[in-house]
>>> print(open('protein-v2.txt').read())   # compact mmCIF, C-alpha atoms
# COMPACT_ATOMS: atom_id res chain seq x y z
CA MET O 479 18.64 -6.99 -3.46
CA HIS O 480 22.17 -8.11 -4.29
CA PRO O 481 24.06 -8.98 -1.07
CA ASN O 482 27.53 -7.96 -2.32
CA PRO O 483 28.54 -4.94 -0.18
CA VAL O 484 30.48 -3.40 -3.09
CA PHE O 485 27.09 -2.59 -4.66
CA ARG O 486 25.66 -1.10 -1.46
CA THR O 487 27.93 1.83 -0.64
CA GLU O 488 25.72 4.79 -1.57
CA SER O 489 24.77 7.02 1.35
CA HIS O 490 21.40 7.13 3.08
CA ASP O 491 20.80 10.59 1.61
CA ILE O 492 21.63 9.50 -1.96
CA ASN O 493 19.27 6.54 -1.67
CA LEU O 494 16.47 8.77 -0.39
CA GLN O 495 17.12 11.31 -3.15
CA PHE O 496 16.86 8.53 -5.74
CA ALA O 497 13.56 7.30 -4.27
CA ARG O 498 12.17 10.84 -4.06
CA GLU O 499 13.03 11.58 -7.70
CA ARG O 500 11.50 8.35 -8.97
CA GLY O 501 8.32 8.73 -6.90
CA PHE O 502 6.92 5.35 -7.97
CA GLY O 503 7.45 1.86 -6.60
CA VAL O 504 6.11 -1.56 -5.76
CA LEU O 505 4.51 -1.86 -2.33
CA ALA O 506 4.90 -5.36 -0.85
CA VAL O 507 2.99 -6.67 2.18
CA SER O 508 3.28 -10.20 3.58
CA VAL O 509 0.01 -11.90 4.45
CA ASP O 510 -1.25 -15.48 4.36
CA GLY O 511 -0.33 -16.94 1.01
CA ALA O 512 1.60 -14.99 -1.61
CA PRO O 513 2.72 -11.43 -0.73
CA LEU O 514 0.40 -8.64 -1.82
CA LEU O 515 1.91 -6.15 -4.28
CA SER O 516 0.71 -2.77 -5.50
CA HIS O 517 2.35 -0.36 -7.93
CA VAL O 518 2.00 3.09 -6.39
CA PRO O 519 3.13 6.69 -6.73
CA PHE O 520 4.30 8.26 -3.48
CA VAL O 521 5.77 11.41 -1.96
CA LEU O 522 8.52 11.46 0.65
CA SER O 523 8.57 13.81 3.60
CA ASP O 524 11.36 16.40 3.59
CA ASP O 525 13.35 14.45 6.17
CA GLY O 526 12.67 11.05 4.58
CA ALA O 527 10.91 9.78 7.71
CA TRP O 528 7.76 8.69 5.86
CA ALA O 529 6.23 8.17 2.44
CA ASP O 530 2.63 9.14 1.74
CA LEU O 531 0.56 7.25 -0.83
CA HIS O 532 -3.02 6.27 -1.58
CA LEU O 533 -4.66 2.96 -2.44
CA VAL O 534 -7.96 2.00 -4.00
CA ARG O 535 -10.34 1.05 -1.19
CA SER O 536 -10.94 -2.40 -2.75
CA ASN O 537 -7.20 -3.21 -2.75
CA PRO O 538 -6.49 -6.35 -0.66
CA ILE O 539 -3.72 -4.45 1.13
CA VAL O 540 -6.32 -2.01 2.46
CA ARG O 541 -8.42 -4.89 3.75
CA ALA O 542 -5.32 -6.25 5.52
CA LEU O 543 -4.57 -2.91 7.20
CA LYS O 544 -6.69 -3.43 10.29
CA GLN O 545 -3.46 -2.56 12.08
CA PRO O 546 -0.09 -1.26 10.80
CA LEU O 547 1.81 -3.83 8.73
CA GLN O 548 5.50 -4.30 8.03
CA THR O 549 5.98 -3.26 4.42
CA ARG O 550 8.64 -2.85 1.77
CA LEU O 551 8.40 -0.24 -0.98
CA ALA O 552 10.75 -1.21 -3.82
CA VAL O 553 11.78 1.67 -6.07
CA SER O 554 13.42 0.54 -9.30
CA GLY O 555 15.72 2.52 -11.55
CA PRO O 556 17.59 1.77 -14.77
CA ASP O 557 18.50 -1.84 -15.53
CA ALA O 558 20.20 -3.71 -18.38
CA TYR O 559 21.55 -7.09 -19.47
CA VAL O 560 25.35 -7.41 -19.48
CA SER O 561 27.01 -9.78 -21.97
CA PRO O 562 30.35 -11.30 -20.79
CA ASP O 563 31.84 -10.47 -24.21
CA TRP O 564 31.79 -6.76 -23.41
CA TYR O 565 34.29 -7.03 -20.55
CA GLY O 566 37.17 -7.95 -22.86
CA VAL O 567 38.50 -10.51 -20.35
CA PRO O 568 37.99 -14.30 -20.24
CA ASP O 569 35.90 -16.47 -17.93
CA GLN O 570 33.07 -14.05 -17.24
CA VAL O 571 29.36 -14.82 -17.04
CA PRO O 572 26.22 -12.91 -18.03
CA THR O 573 24.58 -10.68 -15.44
CA TRP O 574 22.07 -7.88 -15.10
CA ASN O 575 23.01 -4.46 -13.75
CA TYR O 576 20.41 -2.34 -11.98
CA VAL O 577 19.70 0.33 -9.41
CA ALA O 578 17.01 -0.11 -6.75
CA VAL O 579 16.17 1.34 -3.36
CA HIS O 580 13.91 -0.29 -0.78
CA LEU O 581 12.04 1.73 1.84
CA ILE O 582 11.15 -0.55 4.75
CA GLY O 583 8.82 0.17 7.63
CA ARG O 584 5.23 0.15 8.92
CA LEU O 585 2.33 0.92 6.61
CA GLU O 586 -0.73 2.45 8.25
CA LEU O 587 -4.05 3.90 7.19
CA ARG O 588 -4.45 7.63 7.68
CA PRO O 589 -7.63 9.57 8.47
CA GLN O 590 -9.78 10.09 5.40
CA GLU O 591 -9.78 13.86 5.95
CA GLU O 592 -6.06 13.87 5.05
CA LEU O 593 -6.74 12.51 1.56
CA ARG O 594 -7.33 15.82 -0.26
CA ASP O 595 -4.09 17.29 1.03
CA LEU O 596 -2.19 14.14 0.01
CA LEU O 597 -3.63 14.20 -3.51
CA ASP O 598 -2.84 17.90 -3.86
CA ARG O 599 0.75 17.36 -2.68
CA GLN O 600 1.24 14.42 -5.04
CA SER O 601 -0.10 16.23 -8.07
CA ALA O 602 1.92 19.36 -7.21
CA VAL O 603 5.16 17.34 -7.18
CA PHE O 604 4.63 15.70 -10.54
CA GLU O 605 2.88 18.61 -12.25
CA GLY O 606 5.81 20.78 -11.20
CA ARG O 607 8.08 18.64 -13.36
CA LEU O 608 5.99 19.49 -16.43
CA ALA O 609 6.70 23.23 -16.34
CA PRO O 610 6.17 25.46 -18.23
CA LYS O 611 2.84 23.65 -18.64
CA PRO O 612 0.29 25.26 -16.30
CA ALA O 613 -0.11 22.90 -13.36
CA TRP O 614 -3.26 20.81 -13.04
CA THR O 615 -4.93 21.19 -9.63
CA SER O 616 -7.90 19.43 -8.10
CA ASP O 617 -9.74 22.78 -8.08
CA LYS O 618 -10.28 22.22 -11.81
CA MET O 619 -12.62 19.32 -11.04
CA ASP O 620 -16.32 19.43 -10.33
CA PRO O 621 -16.54 19.06 -6.52
CA GLU O 622 -19.15 16.31 -6.74
CA ALA O 623 -17.07 14.30 -9.23
CA LEU O 624 -13.96 14.75 -7.10
CA GLY O 625 -15.85 13.62 -4.01
CA ARG O 626 -17.05 10.45 -5.74
CA MET O 627 -13.50 9.56 -6.76
CA MET O 628 -12.06 10.32 -3.34
CA ARG O 629 -14.56 7.99 -1.68
CA GLN O 630 -12.98 5.13 -3.64
CA ILE O 631 -9.44 5.62 -2.29
CA VAL O 632 -7.76 5.83 1.11
CA PRO O 633 -4.64 7.68 2.32
CA CYS O 634 -1.74 5.62 3.70
CA ARG O 635 1.61 6.40 5.25
CA LEU O 636 4.74 4.26 5.32
CA MET O 637 6.77 5.09 8.44
CA ILE O 638 10.29 4.40 7.19
CA GLU O 639 12.55 2.44 9.52
CA ASP O 640 15.27 1.35 7.09
CA VAL O 641 16.55 2.38 3.65
CA GLN O 642 18.50 -0.10 1.52
CA GLY O 643 20.02 0.71 -1.84
CA THR O 644 21.72 -1.46 -4.44
CA TRP O 645 23.66 0.22 -7.25
CA LYS O 646 24.99 -2.71 -9.30
CA LEU O 647 27.24 -0.95 -11.80
CA ASN O 648 30.12 -3.45 -12.23
CA GLN O 649 32.12 -1.87 -9.41
CA ASN O 650 33.64 -5.35 -8.91
CA LYS O 651 35.32 -5.22 -12.35
CA THR O 652 38.36 -3.33 -13.62
CA ALA O 653 37.73 0.11 -15.04
CA ASP O 654 38.37 -1.12 -18.60
CA ALA O 655 35.95 -4.03 -18.19
CA ARG O 656 33.29 -1.78 -16.66
CA LEU O 657 33.60 0.82 -19.40
CA GLY O 658 33.43 -1.89 -22.06
CA ALA O 659 30.22 -3.17 -20.49
CA ALA O 660 28.82 0.37 -20.39
CA ASP O 661 29.47 0.75 -24.12
CA GLY O 662 27.79 -2.58 -24.82
CA ILE O 663 24.75 -1.71 -22.71
CA GLU O 664 24.33 1.64 -24.42
CA ALA O 665 24.57 0.07 -27.88
CA SER O 666 22.28 -2.91 -27.17
CA ARG O 667 19.64 -1.22 -25.00
CA VAL O 668 18.43 -4.55 -23.62
CA GLY O 669 16.74 -3.34 -20.48
CA SER O 670 15.11 -0.18 -19.20
CA GLU O 671 16.77 3.24 -19.41
CA ALA O 672 19.96 1.51 -20.62
CA GLU O 673 21.58 4.78 -21.67
CA VAL O 674 21.15 6.20 -18.17
CA LEU O 675 22.59 3.06 -16.60
CA ALA O 676 25.57 3.13 -18.95
CA GLN O 677 26.32 6.74 -17.99
CA TRP O 678 26.13 5.91 -14.29
CA MET O 679 28.57 3.03 -14.87
CA ARG O 680 31.00 5.45 -16.50
CA ASN O 681 30.73 7.79 -13.51
CA VAL O 682 31.56 5.15 -10.89
CA ASP O 683 34.29 6.50 -8.58
>>> encode(input="protein-v2.txt", output="structure tokens")
Amino acid sequence: MHPNPVFRTESHDINLQFARERGFGVLAVSVDGAPLLSHVPFVLSDDGAWADLHLVRSNPIVRALKQPLQTRLAVSGPDAYVSPDWYGVPDQVPTWNYVAVHLIGRLELRPQEELRDLLDRQSAVFEGRLAPKPAWTSDKMDPEALGRMMRQIVPCRLMIEDVQGTWKLNQNKTADARLGAADGIEASRVGSEAEVLAQWMRNVD
């Protein structure tokens, strides 16, 4: 996460809203050797106090969860390369603009009997975004097939202790330079969701 405080002024609620809307991130756990990473969908509680997710039982993170572990869930948003030429001022250098929120806290295993409710809540959130398509529900599955699949995964909860957001949108540049960079990003599309990032840059207060 970029340390410059000018990129870290969004409120706690805005950062949580961003994470809730994305609903997908990279779970990072430190163990012996390289950190363990898993790409996971998740759902946030209404008050943002915890994030519920599930992991495949064979995941090394599950094997490490004999007790709660300090964890970081990195939620990425739009990102794009920024060419110095787009600023219209001299002596600039290339950079990369991006938005990301980190949810930091303790990851713990939950009782297996909570798994069905977690899966139903997760699918309800994402299926709801597909309306007017009729929502898929786990009731559509053969109970025996569903049971076999559920035995392969475990429910987890991240108890959130800190929320950190970086919104690197060229707030450290003049308005003209920032808007020039936004135009360049939108035209080049070197990155992910470049058009969204460019619009956010134009809306910087």
>>> residues_around(input="protein-v2.txt", residues="region 602-608 of chain O", least_positions_apart="2", cutoff="12 Å", atoms="all atoms listed in the file", output="short mmCIF file (atom, residue, chain, number, x, y, z; two decimals) with C-alpha atoms, in the frame of the given file")
data_model
loop_
_atom_site.label_atom_id
_atom_site.label_comp_id
_atom_site.auth_asym_id
_atom_site.auth_seq_id
_atom_site.Cartn_x
_atom_site.Cartn_y
_atom_site.Cartn_z
CA ARG O 498 12.17 10.84 -4.06
CA GLU O 499 13.03 11.58 -7.70
CA ARG O 500 11.50 8.35 -8.97
CA GLY O 501 8.32 8.73 -6.90
CA PHE O 502 6.92 5.35 -7.97
CA PRO O 519 3.13 6.69 -6.73
CA PHE O 520 4.30 8.26 -3.48
CA VAL O 521 5.77 11.41 -1.96
CA LEU O 522 8.52 11.46 0.65
CA SER O 523 8.57 13.81 3.60
CA ASP O 595 -4.09 17.29 1.03
CA LEU O 596 -2.19 14.14 0.01
CA LEU O 597 -3.63 14.20 -3.51
CA ASP O 598 -2.84 17.90 -3.86
CA ARG O 599 0.75 17.36 -2.68
CA GLN O 600 1.24 14.42 -5.04
CA PRO O 610 6.17 25.46 -18.23
CA LYS O 611 2.84 23.65 -18.64
CA PRO O 612 0.29 25.26 -16.30
CA ALA O 613 -0.11 22.90 -13.36
CA TRP O 614 -3.26 20.81 -13.04
CA THR O 615 -4.93 21.19 -9.63
CA SER O 616 -7.90 19.43 -8.10
#
>>> residues_near_point(input="protein-v2.txt", point="(7.9, -5.9, 7.4)", cutoff="12 Å", atoms="all atoms listed in the file", output="list in words")
Leu505, Ala506, Val507, Ser508, Val509, Pro513, Pro546, Leu547, Gln548, Thr549, Arg550, Leu551, His580, Leu581, Ile582, Gly583, Arg584, Leu585, Leu636, Met637, Ile638, Glu639 and Asp640 of chain O
>>> closest_residue(input="protein-v2.txt", among="O:Ser489, O:Leu533, O:Ser554, O:Val674", to="Val504 (chain O)", atoms="all atoms listed in the file")
O:Ser554
>>> atom_distance(input="protein-v2.txt", atom1="CA of Val553 (chain O)", atom2="CA of Arg680 (chain O)")
22.2 Å
>>> atom_distance(input="protein-v2.txt", atom1="CA of Asp557 (chain O)", atom2="CA of Asp491 (chain O)")
21.3 Å
>>> build_atoms(input="protein-v2.txt", residues="region 510-522 of chain O", atoms="N, CA, C and O atoms", output="JSON list (two decimals), in the coordinates of the input")
[["chain", "number", "residue", "atom", "x", "y", "z"],
["O", 510, "ASP", "N", -1.11, -14.05, 4.64],
["O", 510, "ASP", "CA", -1.25, -15.48, 4.36],
["O", 510, "ASP", "C", -1.22, -15.70, 2.86],
["O", 510, "ASP", "O", -1.89, -15.00, 2.10],
["O", 511, "GLY", "N", -0.45, -16.69, 2.43],
["O", 511, "GLY", "CA", -0.33, -16.94, 1.01],
["O", 511, "GLY", "C", 0.73, -16.04, 0.39],
["O", 511, "GLY", "O", 1.66, -15.59, 1.07],
["O", 512, "ALA", "N", 0.60, -15.80, -0.91],
["O", 512, "ALA", "CA", 1.60, -14.99, -1.61],
["O", 512, "ALA", "C", 1.56, -13.54, -1.12],
["O", 512, "ALA", "O", 0.50, -13.04, -0.75],
["O", 513, "PRO", "N", 2.72, -12.85, -1.11],
["O", 513, "PRO", "CA", 2.72, -11.43, -0.73],
["O", 513, "PRO", "C", 1.80, -10.61, -1.62],
["O", 513, "PRO", "O", 1.61, -10.93, -2.80],
["O", 514, "LEU", "N", 1.23, -9.57, -1.05],
["O", 514, "LEU", "CA", 0.40, -8.64, -1.82],
["O", 514, "LEU", "C", 1.28, -7.52, -2.35],
["O", 514, "LEU", "O", 2.10, -6.96, -1.62],
["O", 515, "LEU", "N", 1.11, -7.19, -3.63],
["O", 515, "LEU", "CA", 1.91, -6.15, -4.28],
["O", 515, "LEU", "C", 1.01, -5.11, -4.91],
["O", 515, "LEU", "O", -0.02, -5.46, -5.50],
["O", 516, "SER", "N", 1.40, -3.85, -4.81],
["O", 516, "SER", "CA", 0.71, -2.77, -5.50],
["O", 516, "SER", "C", 1.74, -1.80, -6.06],
["O", 516, "SER", "O", 2.72, -1.47, -5.38],
["O", 517, "HIS", "N", 1.49, -1.34, -7.28],
["O", 517, "HIS", "CA", 2.35, -0.36, -7.93],
["O", 517, "HIS", "C", 1.78, 1.02, -7.63],
["O", 517, "HIS", "O", 0.65, 1.32, -8.02],
["O", 518, "VAL", "N", 2.56, 1.85, -6.93],
["O", 518, "VAL", "CA", 2.00, 3.09, -6.39],
["O", 518, "VAL", "C", 2.94, 4.28, -6.57],
["O", 518, "VAL", "O", 4.16, 4.17, -6.42],
["O", 519, "PRO", "N", 2.37, 5.46, -6.87],
["O", 519, "PRO", "CA", 3.13, 6.69, -6.73],
["O", 519, "PRO", "C", 3.17, 7.09, -5.26],
["O", 519, "PRO", "O", 2.28, 6.71, -4.47],
["O", 520, "PHE", "N", 4.19, 7.84, -4.88],
["O", 520, "PHE", "CA", 4.30, 8.26, -3.48],
["O", 520, "PHE", "C", 5.07, 9.56, -3.40],
["O", 520, "PHE", "O", 5.74, 9.98, -4.36],
["O", 521, "VAL", "N", 4.96, 10.22, -2.25],
["O", 521, "VAL", "CA", 5.77, 11.41, -1.96],
["O", 521, "VAL", "C", 6.46, 11.20, -0.63],
["O", 521, "VAL", "O", 5.87, 10.69, 0.33],
["O", 522, "LEU", "N", 7.74, 11.57, -0.58],
["O", 522, "LEU", "CA", 8.52, 11.46, 0.65],
["O", 522, "LEU", "C", 8.46, 12.76, 1.45],
["O", 522, "LEU", "O", 8.45, 13.85, 0.86]]
